[in-house]
>>> print(open('query22.cif').read())   # mmCIF, C-alpha atoms and all ligand atoms
data_start
#
loop_
_atom_site.label_atom_id
_atom_site.label_comp_id
_atom_site.auth_asym_id
_atom_site.auth_seq_id
_atom_site.Cartn_x
_atom_site.Cartn_y
_atom_site.Cartn_z
CA MET A 1151 0.00 0.00 0.00
CA SER A 1152 1.49 3.35 -0.87
CA ILE A 1153 0.79 7.01 -0.58
CA ARG A 1154 -1.45 8.35 -3.29
CA PRO A 1155 -0.91 12.06 -3.16
CA SER A 1156 -2.02 13.09 -6.63
CA ILE A 1157 -5.70 13.70 -6.14
CA VAL A 1158 -5.31 15.09 -2.66
CA LYS A 1159 -2.71 17.47 -3.96
CA GLN A 1160 -5.00 18.75 -6.69
CA LEU A 1161 -7.75 19.16 -4.19
CA GLY A 1162 -5.86 21.04 -1.55
CA ARG A 1163 -7.42 21.05 1.85
CA ARG A 1164 -10.69 19.36 2.40
CA ALA A 1165 -13.45 21.82 1.73
CA SER A 1166 -15.06 23.33 4.79
CA LEU A 1167 -17.26 21.30 7.06
CA VAL A 1168 -20.19 23.23 5.70
CA PRO A 1169 -19.83 22.87 1.98
CA ALA A 1170 -22.62 23.90 -0.28
CA ALA A 1171 -25.09 21.59 1.35
CA VAL A 1172 -25.24 18.73 -1.04
CA ALA A 1173 -28.69 17.55 -0.28
CA VAL A 1174 -29.43 14.04 -1.25
CA ALA A 1175 -31.49 14.48 -4.33
CA LEU A 1176 -34.73 12.72 -4.34
CA VAL A 1177 -34.63 10.42 -7.22
CA LEU A 1178 -38.30 9.91 -7.49
CA ALA A 1179 -40.06 7.27 -9.35
CA SER A 1180 -41.76 9.29 -12.01
CA CYS A 1181 -45.21 8.16 -11.00
CA GLY A 1182 -47.03 5.34 -9.35
CA GLY A 1183 -46.97 2.14 -11.28
CA SER A 1184 -44.18 3.28 -13.54
CA SER A 1185 -42.24 0.13 -13.00
CA VAL A 1186 -39.01 -0.09 -14.84
CA SER A 1187 -37.52 -3.03 -16.53
CA GLY A 1188 -34.59 -4.52 -14.75
CA GLY A 1189 -31.41 -4.02 -16.59
CA GLY A 1190 -29.29 -1.17 -17.57
CA ASP A 1191 -26.37 -0.11 -15.49
CA ASP A 1192 -23.32 -1.57 -13.95
CA ASP A 1193 -25.14 -3.64 -11.49
CA GLY A 1194 -27.32 -5.03 -14.13
CA GLY A 1195 -30.90 -6.06 -14.26
CA GLY A 1196 -33.29 -7.86 -11.98
CA GLY A 1197 -32.89 -11.51 -11.20
CA ASP A 1198 -35.93 -12.18 -13.32
CA GLU A 1199 -34.85 -11.14 -16.79
CA GLY A 1200 -37.16 -8.55 -18.28
CA ALA A 1201 -39.49 -8.40 -15.26
CA ALA A 1202 -40.72 -4.97 -14.21
CA LEU A 1203 -39.37 -3.66 -10.92
CA ASP A 1204 -41.45 -1.47 -8.66
CA PRO A 1205 -39.73 1.65 -7.34
CA VAL A 1206 -38.01 1.28 -4.00
CA LYS A 1207 -38.34 3.66 -1.06
CA ILE A 1208 -35.19 3.91 1.06
CA GLY A 1209 -34.92 5.71 4.40
CA LEU A 1210 -31.56 7.40 4.93
CA LEU A 1211 -31.16 7.84 8.68
CA VAL A 1212 -28.06 9.91 9.48
CA PRO A 1213 -27.18 12.66 11.96
CA LEU A 1214 -28.01 16.05 10.50
CA SER A 1215 -27.55 17.67 13.93
CA GLY A 1216 -25.41 17.11 17.05
CA VAL A 1217 -21.76 16.06 17.53
CA TYR A 1218 -21.88 13.68 14.56
CA ALA A 1219 -23.57 15.99 12.03
CA ALA A 1220 -20.49 16.26 9.77
CA LEU A 1221 -20.35 12.45 9.56
CA GLY A 1222 -23.97 12.39 8.46
CA GLU A 1223 -23.23 14.73 5.62
CA ASP A 1224 -20.39 12.47 4.42
CA MET A 1225 -22.83 9.58 4.43
CA GLN A 1226 -25.44 11.48 2.43
CA GLN A 1227 -22.79 12.24 -0.15
CA GLY A 1228 -21.51 8.66 -0.37
CA PHE A 1229 -25.03 7.26 -0.75
CA GLN A 1230 -25.89 9.81 -3.40
CA LEU A 1231 -22.70 9.16 -5.37
CA TYR A 1232 -23.63 5.50 -5.72
CA LEU A 1233 -27.05 6.48 -7.04
CA ASP A 1234 -25.53 9.00 -9.43
CA GLU A 1235 -23.16 6.36 -10.76
CA ASN A 1236 -26.08 4.01 -11.34
CA ASP A 1237 -28.53 6.25 -13.13
CA GLY A 1238 -30.35 7.03 -9.90
CA LYS A 1239 -31.30 3.38 -9.47
CA LEU A 1240 -30.67 0.52 -7.09
CA GLY A 1241 -30.45 -2.83 -8.83
CA GLY A 1242 -32.36 -1.34 -11.74
CA ALA A 1243 -35.21 0.04 -9.61
CA GLU A 1244 -36.10 3.71 -9.40
CA VAL A 1245 -35.36 5.08 -5.94
CA GLU A 1246 -37.05 7.48 -3.60
CA VAL A 1247 -34.79 8.52 -0.71
CA VAL A 1248 -36.49 9.73 2.46
CA GLU A 1249 -34.04 11.45 4.78
CA ALA A 1250 -34.40 11.50 8.55
CA ASP A 1251 -32.25 13.13 11.24
CA GLU A 1252 -30.69 10.64 13.64
CA GLY A 1253 -29.47 13.41 15.98
CA GLU A 1254 -26.92 12.19 18.50
CA SER A 1255 -28.87 9.94 20.82
CA PRO A 1256 -31.68 7.37 20.93
CA GLY A 1257 -33.97 10.19 22.08
CA THR A 1258 -33.86 11.57 18.55
CA GLY A 1259 -32.80 8.51 16.54
CA VAL A 1260 -35.49 6.09 17.68
CA PRO A 1261 -38.49 8.32 16.81
CA ALA A 1262 -36.88 9.17 13.47
CA ALA A 1263 -36.46 5.48 12.62
CA THR A 1264 -39.99 4.74 13.78
CA ARG A 1265 -41.39 7.43 11.50
CA LEU A 1266 -39.50 6.01 8.53
CA VAL A 1267 -40.92 2.55 9.13
CA THR A 1268 -44.48 3.30 10.21
CA GLN A 1269 -45.32 6.61 8.54
CA ASP A 1270 -43.16 6.71 5.43
CA GLN A 1271 -43.36 2.94 5.03
CA VAL A 1272 -39.92 2.65 3.51
CA ASP A 1273 -38.82 -0.68 2.02
CA ALA A 1274 -35.38 -0.53 3.69
CA VAL A 1275 -33.23 1.84 5.73
CA ALA A 1276 -29.52 2.70 5.49
CA GLY A 1277 -27.39 4.81 7.81
CA ILE A 1278 -27.02 5.28 11.59
CA VAL A 1279 -23.79 6.67 12.99
CA SER A 1280 -24.23 6.12 16.71
CA SER A 1281 -24.07 2.73 18.40
CA ALA A 1282 -26.52 3.92 21.04
CA VAL A 1283 -29.07 4.73 18.34
CA ALA A 1284 -28.45 1.48 16.45
CA LEU A 1285 -28.96 -0.54 19.64
CA GLY A 1286 -32.14 1.42 20.32
CA VAL A 1287 -33.69 0.69 16.91
CA LYS A 1288 -32.56 -2.87 16.26
CA ASP A 1289 -35.76 -4.50 17.56
CA LEU A 1290 -37.92 -2.12 15.55
CA PHE A 1291 -36.35 -3.38 12.32
CA VAL A 1292 -36.34 -7.03 13.31
CA GLU A 1293 -39.97 -6.93 14.41
CA SER A 1294 -41.25 -4.87 11.49
CA LYS A 1295 -39.18 -7.00 9.07
CA VAL A 1296 -37.77 -3.95 7.32
CA PRO A 1297 -34.10 -4.45 6.35
CA LEU A 1298 -31.57 -2.09 7.91
CA VAL A 1299 -28.06 -1.65 6.49
CA VAL A 1300 -26.05 0.00 9.26
CA ALA A 1301 -23.54 2.26 7.54
CA ASN A 1302 -21.49 3.20 10.58
CA ALA A 1303 -22.51 2.31 14.17
CA GLY A 1304 -20.17 -0.43 15.31
CA ALA A 1305 -21.71 -1.90 18.49
CA ASN A 1306 -21.30 -5.67 18.48
CA ASP A 1307 -24.83 -6.36 19.68
CA VAL A 1308 -26.40 -4.59 16.72
CA THR A 1309 -25.64 -7.54 14.47
CA ALA A 1310 -25.20 -10.31 17.04
CA GLY A 1311 -27.35 -13.26 16.08
CA GLY A 1312 -27.40 -12.43 12.38
CA SER A 1313 -31.03 -11.34 11.95
CA PRO A 1314 -32.10 -11.54 8.28
CA TYR A 1315 -33.14 -7.88 8.60
CA ILE A 1316 -29.92 -6.40 10.05
CA TRP A 1317 -26.76 -5.90 7.97
CA ARG A 1318 -23.71 -3.71 8.39
CA SER A 1319 -21.49 -2.15 5.71
CA SER A 1320 -19.09 -0.58 8.22
CA PHE A 1321 -17.18 -2.38 11.03
CA THR A 1322 -17.44 -3.51 14.63
CA ASN A 1323 -15.97 -1.18 17.25
CA GLY A 1324 -14.20 -4.15 18.79
CA GLY A 1325 -12.78 -5.19 15.40
CA VAL A 1326 -11.25 -1.80 14.56
CA ALA A 1327 -9.62 -1.64 18.00
CA ALA A 1328 -8.54 -5.28 18.19
CA ALA A 1329 -6.65 -4.89 14.93
CA LEU A 1330 -4.30 -2.43 16.66
CA GLY A 1331 -3.60 -4.26 19.96
CA ALA A 1332 -0.70 -6.50 19.01
CA TYR A 1333 1.01 -3.73 17.04
CA VAL A 1334 0.89 -1.30 19.98
CA ALA A 1335 2.11 -4.02 22.39
CA GLU A 1336 5.13 -4.44 20.17
CA GLN A 1337 5.75 -0.68 20.03
CA VAL A 1338 5.62 -0.11 23.79
CA GLY A 1339 7.56 -3.22 24.78
CA ASP A 1340 7.78 -3.23 28.59
CA GLY A 1341 5.82 0.03 28.86
CA SER A 1342 2.12 0.38 29.62
CA VAL A 1343 -0.87 1.95 27.84
CA TYR A 1344 -3.57 4.27 29.23
CA LEU A 1345 -7.06 3.86 27.77
CA ILE A 1346 -9.42 6.83 27.41
CA SER A 1347 -12.67 6.93 25.46
CA ALA A 1348 -16.15 8.37 25.14
CA ASP A 1349 -18.49 6.89 27.72
CA TYR A 1350 -21.05 5.01 25.65
CA ALA A 1351 -21.32 1.71 23.81
CA ALA A 1352 -18.78 2.54 21.11
CA GLY A 1353 -16.10 3.75 23.53
CA ALA A 1354 -16.59 0.78 25.82
CA GLU A 1355 -16.37 -1.78 23.02
CA SER A 1356 -13.42 -0.06 21.40
CA THR A 1357 -11.56 -0.09 24.71
CA GLY A 1358 -12.52 -3.72 25.27
CA GLY A 1359 -11.44 -4.83 21.79
CA PHE A 1360 -8.08 -3.11 22.13
CA LYS A 1361 -7.47 -4.48 25.61
CA GLU A 1362 -8.13 -8.03 24.50
CA THR A 1363 -5.51 -8.23 21.77
CA PHE A 1364 -3.08 -5.86 23.52
CA GLU A 1365 -3.04 -7.95 26.70
CA ALA A 1366 -2.93 -11.20 24.73
CA ALA A 1367 0.27 -9.86 23.13
CA GLY A 1368 1.76 -9.22 26.60
CA GLY A 1369 0.73 -5.56 27.03
CA THR A 1370 0.06 -3.88 30.41
CA ILE A 1371 -2.69 -1.32 31.12
CA ALA A 1372 -1.64 1.82 33.04
CA GLY A 1373 -5.15 3.13 33.69
CA GLU A 1374 -8.56 3.70 32.15
CA ALA A 1375 -10.99 6.63 31.86
CA PHE A 1376 -14.38 7.14 30.22
CA THR A 1377 -15.50 10.70 29.61
CA PRO A 1378 -19.18 11.78 29.52
CA PHE A 1379 -20.35 11.51 25.92
CA GLY A 1380 -21.44 14.63 24.09
CA THR A 1381 -20.90 16.96 27.06
CA THR A 1382 -17.16 16.81 27.76
CA THR A 1383 -15.38 19.95 26.61
CA ASP A 1384 -12.47 20.07 29.07
CA TRP A 1385 -10.16 17.06 29.02
CA GLN A 1386 -7.53 18.61 31.30
CA PRO A 1387 -8.34 16.58 34.43
CA TYR A 1388 -8.15 13.40 32.37
CA LEU A 1389 -4.91 14.47 30.71
CA GLN A 1390 -3.43 15.07 34.15
CA GLY A 1391 -4.45 11.53 35.07
CA ILE A 1392 -2.71 10.17 31.98
CA ARG A 1393 0.52 11.97 32.80
CA ALA A 1394 0.40 10.88 36.44
CA SER A 1395 -0.11 7.25 35.41
CA GLY A 1396 3.37 7.01 33.92
CA ALA A 1397 1.94 5.40 30.76
CA SER A 1398 4.23 5.09 27.77
CA ALA A 1399 1.35 5.30 25.25
CA VAL A 1400 -2.37 6.08 25.06
CA TYR A 1401 -5.19 4.34 23.17
CA THR A 1402 -8.41 6.24 22.52
CA PHE A 1403 -11.81 6.20 20.84
CA TYR A 1404 -13.36 9.55 20.00
CA ALA A 1405 -15.16 10.64 16.85
CA GLY A 1406 -16.73 13.77 15.41
CA ALA A 1407 -16.51 16.97 17.41
CA GLU A 1408 -15.16 15.14 20.48
CA ALA A 1409 -12.20 13.87 18.46
CA VAL A 1410 -11.18 17.45 17.70
CA GLY A 1411 -11.50 18.48 21.36
CA PHE A 1412 -9.43 15.60 22.65
CA THR A 1413 -6.68 15.74 20.02
CA THR A 1414 -6.29 19.51 20.31
CA GLN A 1415 -6.12 19.47 24.10
CA TYR A 1416 -3.74 16.49 24.14
CA ASN A 1417 -1.38 18.69 22.16
CA GLN A 1418 -1.99 21.87 24.17
CA PHE A 1419 -1.38 20.00 27.41
CA GLY A 1420 2.03 18.96 26.11
CA LEU A 1421 1.37 15.23 25.91
CA LYS A 1422 1.79 15.01 22.13
CA GLY A 1423 5.57 15.01 22.18
CA GLU A 1424 5.66 13.02 25.40
CA ILE A 1425 3.31 10.05 25.11
CA PRO A 1426 2.45 8.55 21.68
CA LEU A 1427 -1.26 8.48 20.92
CA TYR A 1428 -2.87 5.47 19.20
CA ALA A 1429 -6.52 5.45 18.19
CA ALA A 1430 -9.43 3.95 16.36
CA GLY A 1431 -9.09 5.84 13.08
CA PHE A 1432 -12.22 7.93 13.58
CA LEU A 1433 -10.04 10.25 15.67
CA THR A 1434 -8.33 11.50 12.53
CA GLU A 1435 -10.96 10.98 9.85
CA GLY A 1436 -12.27 13.54 7.39
CA GLY A 1437 -13.29 16.98 8.60
CA VAL A 1438 -12.08 16.08 12.08
CA LEU A 1439 -8.52 15.79 10.78
CA GLU A 1440 -8.61 19.17 9.17
CA ALA A 1441 -10.03 20.75 12.31
CA SER A 1442 -7.39 19.14 14.54
CA GLY A 1443 -4.62 20.17 12.17
CA GLU A 1444 -1.01 19.90 13.32
CA ALA A 1445 -2.09 18.42 16.66
CA ALA A 1446 -2.98 15.21 14.81
CA VAL A 1447 0.30 14.72 12.95
CA GLY A 1448 1.98 11.43 13.86
CA ILE A 1449 -1.11 9.74 15.35
CA GLN A 1450 -1.13 6.09 14.34
CA ASN A 1451 -4.55 4.55 14.02
CA SER A 1452 -6.51 1.64 12.59
CA LEU A 1453 -9.38 1.71 10.13
CA HIS A 1454 -10.74 -0.23 7.17
CA TYR A 1455 -10.40 2.64 4.72
CA SER A 1456 -8.21 5.58 3.78
CA ASP A 1457 -8.55 7.80 0.76
CA GLN A 1458 -4.82 7.11 0.40
CA ILE A 1459 -5.32 3.43 -0.55
CA ASP A 1460 -3.56 3.07 -3.87
CA SER A 1461 -5.78 0.73 -5.86
CA GLU A 1462 -7.49 1.17 -9.20
CA ARG A 1463 -10.90 0.87 -7.57
CA ASN A 1464 -10.16 3.44 -4.88
CA ASN A 1465 -8.44 5.87 -7.19
CA ALA A 1466 -11.48 5.87 -9.47
CA PHE A 1467 -13.80 6.32 -6.49
CA VAL A 1468 -11.76 9.18 -5.01
CA GLU A 1469 -11.67 10.90 -8.37
CA ALA A 1470 -15.45 10.63 -8.80
CA TYR A 1471 -16.06 11.80 -5.24
CA VAL A 1472 -13.76 14.79 -5.59
CA ALA A 1473 -15.43 15.70 -8.87
CA ALA A 1474 -18.86 15.57 -7.22
CA TYR A 1475 -18.14 17.24 -3.88
CA ASP A 1476 -14.78 18.98 -4.15
CA GLU A 1477 -13.38 17.11 -1.16
CA VAL A 1478 -11.83 13.70 -0.59
CA PRO A 1479 -14.08 10.89 0.62
CA THR A 1480 -14.11 9.69 4.21
CA THR A 1481 -14.70 6.25 5.65
CA TYR A 1482 -18.25 7.39 6.47
CA ALA A 1483 -18.87 8.22 2.82
CA VAL A 1484 -17.53 4.84 1.71
CA GLN A 1485 -19.68 2.96 4.20
CA ALA A 1486 -22.81 4.69 2.89
CA TYR A 1487 -21.72 4.18 -0.72
CA ASP A 1488 -21.31 0.49 0.06
CA ALA A 1489 -24.66 0.34 1.86
CA ALA A 1490 -26.22 1.58 -1.38
CA ALA A 1491 -24.18 -1.02 -3.30
CA ALA A 1492 -25.40 -3.79 -1.00
CA LEU A 1493 -29.02 -2.71 -1.43
CA GLY A 1494 -28.55 -2.47 -5.19
CA LEU A 1495 -27.06 -5.95 -5.39
CA ALA A 1496 -29.80 -7.30 -3.12
CA ILE A 1497 -32.57 -5.89 -5.31
CA GLU A 1498 -30.79 -7.21 -8.37
CA ALA A 1499 -30.49 -10.67 -6.83
CA ALA A 1500 -34.09 -10.73 -5.63
CA GLY A 1501 -35.61 -9.15 -8.72
CA ALA A 1502 -38.05 -7.28 -6.46
CA THR A 1503 -38.11 -4.24 -4.18
CA ASP A 1504 -40.35 -5.18 -1.24
CA SER A 1505 -38.77 -5.50 2.22
CA GLU A 1506 -38.87 -9.28 2.37
CA SER A 1507 -37.26 -9.65 -1.06
CA ILE A 1508 -34.54 -7.12 -0.19
CA ALA A 1509 -33.76 -9.01 3.04
CA GLN A 1510 -33.53 -12.26 1.08
CA GLY A 1511 -31.43 -10.56 -1.60
CA LEU A 1512 -28.98 -9.26 1.00
CA SER A 1513 -28.13 -12.85 1.89
CA GLU A 1514 -27.19 -13.42 -1.75
CA VAL A 1515 -24.95 -10.45 -2.54
CA GLY A 1516 -21.65 -12.28 -2.08
CA GLU A 1517 -18.68 -9.98 -2.57
CA ILE A 1518 -18.92 -6.21 -2.73
CA ASP A 1519 -16.38 -4.40 -4.87
CA SER A 1520 -15.68 -1.56 -2.43
CA PRO A 1521 -13.13 1.26 -2.59
CA ARG A 1522 -11.77 -0.18 0.70
CA GLY A 1523 -11.08 -3.53 -1.02
CA THR A 1524 -13.48 -6.37 -1.71
CA PHE A 1525 -15.55 -7.48 1.26
CA SER A 1526 -18.30 -9.94 2.04
CA PHE A 1527 -20.63 -10.41 5.03
CA ASP A 1528 -19.95 -12.90 7.82
CA GLU A 1529 -22.59 -14.98 9.63
CA ASN A 1530 -23.59 -11.96 11.77
CA HIS A 1531 -23.78 -9.84 8.59
CA ASP A 1532 -20.69 -7.80 9.48
CA PRO A 1533 -18.07 -7.10 6.83
CA VAL A 1534 -15.09 -9.42 6.52
CA GLN A 1535 -12.44 -6.90 5.58
CA PRO A 1536 -8.85 -5.76 6.01
CA TYR A 1537 -7.88 -3.20 8.65
CA TYR A 1538 -5.09 -0.77 7.88
CA LEU A 1539 -2.46 0.85 10.09
CA ARG A 1540 -2.60 4.52 9.16
CA GLU A 1541 -0.47 7.45 10.26
CA VAL A 1542 -1.31 11.13 9.98
CA GLN A 1543 1.32 12.76 7.82
CA GLU A 1544 1.54 15.88 5.77
CA VAL A 1545 1.45 14.94 2.12
CA ASP A 1546 2.12 17.85 -0.21
CA GLY A 1547 0.87 20.33 2.34
CA VAL A 1548 -2.30 18.39 3.17
CA LEU A 1549 -2.85 16.20 6.20
CA ALA A 1550 -3.70 12.63 5.26
CA ASN A 1551 -3.95 9.17 6.80
CA VAL A 1552 -1.09 7.46 5.01
CA VAL A 1553 -1.42 3.67 4.95
CA LEU A 1554 1.66 2.07 6.53
CA GLN A 1555 0.59 -1.59 6.40
CA GLU A 1556 -2.32 -3.99 6.62
CA LEU A 1557 -2.83 -5.09 10.22
CA GLU A 1558 -2.87 -8.76 11.12
CA GLN A 1559 -6.16 -9.97 12.58
C1 LIG B 1 -20.45 4.44 17.09
O1 LIG B 1 -21.24 4.98 17.90
O2 LIG B 1 -20.44 3.21 16.92
C2 LIG B 1 -19.50 5.28 16.34
C3 LIG B 1 -19.74 6.65 16.17
C4 LIG B 1 -18.86 7.42 15.44
C5 LIG B 1 -17.76 6.81 14.86
C6 LIG B 1 -17.51 5.47 15.03
C7 LIG B 1 -18.38 4.69 15.78
O3 LIG B 1 -16.92 7.55 14.13
#
>>> encode(input="query22.cif", output="structure tokens")
Amino acid sequence: MSIRPSIVKQLGRRASLVPAAVAVALVLASCGGSSVSGGGDDDGGGGDEGAALDPVKIGLLVPLSGVYAALGEDMQQGFQLYLDENDGKLGGAEVEVVEADEGESPGTGVPAATRLVTQDQVDAVAGIVSSAVALGVKDLFVESKVPLVVANAGANDVTAGGSPYIWRSSFTNGGVAAALGAYVAEQVGDGSVYLISADYAAGAESTGGFKETFEAAGGTIAGEAFTPFGTTTDWQPYLQGIRASGASAVYTFYAGAEAVGFTTQYNQFGLKGEIPLYAAGFLTEGGVLEASGEAAVGIQNSLHYSDQIDSERNNAFVEAYVAAYDEVPTTYAVQAYDAAAALGLAIEAAGATDSESIAQGLSEVGEIDSPRGTFSFDENHDPVQPYYLREVQEVDGVLANVVLQELEQ
């Protein structure tokens, strides 16, 4: 894997976090009953050659407000790019996208999901950034038999048991973290690692996943802290605790606005040059990286995607994404793009667009040709995929997550 500076260089810095709001266009079926013939684009026609496909109604449930709002925008863009590349269709079916705001907690996410299912009567839903929200809506989807493709939230229990209605195009929080454990154990040798993360499902599972493989590789834990999610703005007391612990490295899970706060204060407090920081890659992803700036340089982290992956598939994807949005794609964008791909392949396999057929089709998609590399779904319906060791470096004046190696799992 090598650095792929060319497109990033042309682009310059990522456009602002509030780019010309690229609303997900509603690609409406022209009118009721205007079924289209399967066939056409890259992902081909319906399973039943020549059969008419009814339009499909997809709920896109992403945060449009709260600490994860910027991630939601990336996901809108990724989902829309897949539609644009496929003539506005999924598996040959015309698509209507109904957007809903997940917010940042189950208090907002659960009612939004419920409205999509009961009021809008969507055929399937894609999205969900927060593990807390995903855990809160899982039963709704299982019981209403409406397929959900989780395009971010990584809580293990979301997919545990492999319900035919729950799929995930992203990762598990434990998986991202576990991929880094043995590597960090090797780096710190006889030293110890302090763990600090956001206090909710994702932070807990990330910490747990890291601890498991780190300790299995002989690593020692110096201390552990969980910070109140969504309300912590001053990390100083925690940073003092890290310094006092005598740790030789830190592992962390933060994302969105909290990632910027933590990374910036870690630097301001003087820990950056003192104690190496390792992280689940969300800490340095997308708009967060630009906002953290210099404070993020040198952070090594794990994730299943980087816009720096030098493959034909990814280069083409990055180019198309930059052309559409004037910024490089993030992991969140790719996960939503791949959720659309999974739904498209499912509809194609099933040759129909109702919820039950889409759920059945999802079990038949096989491999997905993703910008991250090809992946398939395991028995829980989580992606089987590579994880990469990334390091924040300046590449031609732009901060990027350069891929150092694939991590052993
Ligand atoms: C999660 O809640 O699972 C989550 C949220 C944001 C991320 C990653 C994971 O960037």
>>> residues_around(input="query22.cif", residues="range 1442-1444 of chain A", least_positions_apart="2", cutoff="7 Å", atoms="only C-alpha atoms", output="JSON list (two decimals) with C-alpha atoms, in the coordinates of the input")
[["chain", "number", "residue", "atom", "x", "y", "z"],
["A", 1410, "VAL", "CA", -11.18, 17.45, 17.70],
["A", 1413, "THR", "CA", -6.68, 15.74, 20.02],
["A", 1414, "THR", "CA", -6.29, 19.51, 20.31],
["A", 1438, "VAL", "CA", -12.08, 16.08, 12.08],
["A", 1439, "LEU", "CA", -8.52, 15.79, 10.78],
["A", 1440, "GLU", "CA", -8.61, 19.17, 9.17],
["A", 1446, "ALA", "CA", -2.98, 15.21, 14.81],
["A", 1447, "VAL", "CA", 0.30, 14.72, 12.95]]
>>> closest_residue(input="query22.cif", among="A:Ala1499, A:Val1212, A:Ala1335, A:Ala1263", to="ligand LIG 1 (chain B)", atoms="all atoms listed in the file")
A:Val1212
>>> residues_near_ligand(input="query22.cif", ligand="ligand LIG 1 (chain B)", cutoff="8 Å", atoms="all atoms listed in the file", output="ChimeraX atom specification")
/A:1218,1221,1279-1283,1302-1305,1322-1323,1350-1353,1404-1406,1432-1433,1482
>>> atom_distance(input="query22.cif", atom1="CA of Gly1341 in chain A", atom2="CA of Ser1398 in chain A")
5.4 Å
>>> atom_distance(input="query22.cif", atom1="CA of Leu1512 in chain A", atom2="CA of Thr1309 in chain A")
14.0 Å
>>> residues_around(input="query22.cif", residues="Tyr1344 in chain A", least_positions_apart="6", cutoff="6 Å", atoms="only C-alpha atoms", output="list in words")
Ile1371, Ala1372, Gly1373, Glu1374, Ala1397 and Val1400 of chain A
>>> closest_residue(input="query22.cif", among="A:Ala1429, A:Ala1310, A:Ile1508, A:Ala1496", to="Val1334 in chain A", atoms="all atoms listed in the file")
A:Ala1429
>>> closest_residue(input="query22.cif", among="A:Ala1490, A:Val1272, A:Val1343, A:Val1308", to="Pro1205 in chain A", atoms="only C-alpha atoms")
A:Val1272
>>> residues_around(input="query22.cif", residues="Tyr1487 in chain A", least_positions_apart="5", cutoff="6 Å", atoms="only C-alpha atoms", output="ChimeraX atom specification")
/A:1228-1229,1232
>>> atom_distance(input="query22.cif", atom1="CA of Ser1356 in chain A", atom2="CA of Asp1488 in chain A")
22.8 Å
>>> closest_residue(input="query22.cif", among="A:Ile1459, A:Leu1211, A:Leu1539, A:Leu1389", to="Gln1226 in chain A", atoms="all atoms listed in the file")
A:Leu1211
>>> residues_near_point(input="query22.cif", point="(-19.0, -4.7, -0.3)", cutoff="8 Å", atoms="only C-alpha atoms", output="ChimeraX atom specification")
/A:1319,1488-1489,1491-1492,1517-1520,1524-1527,1533
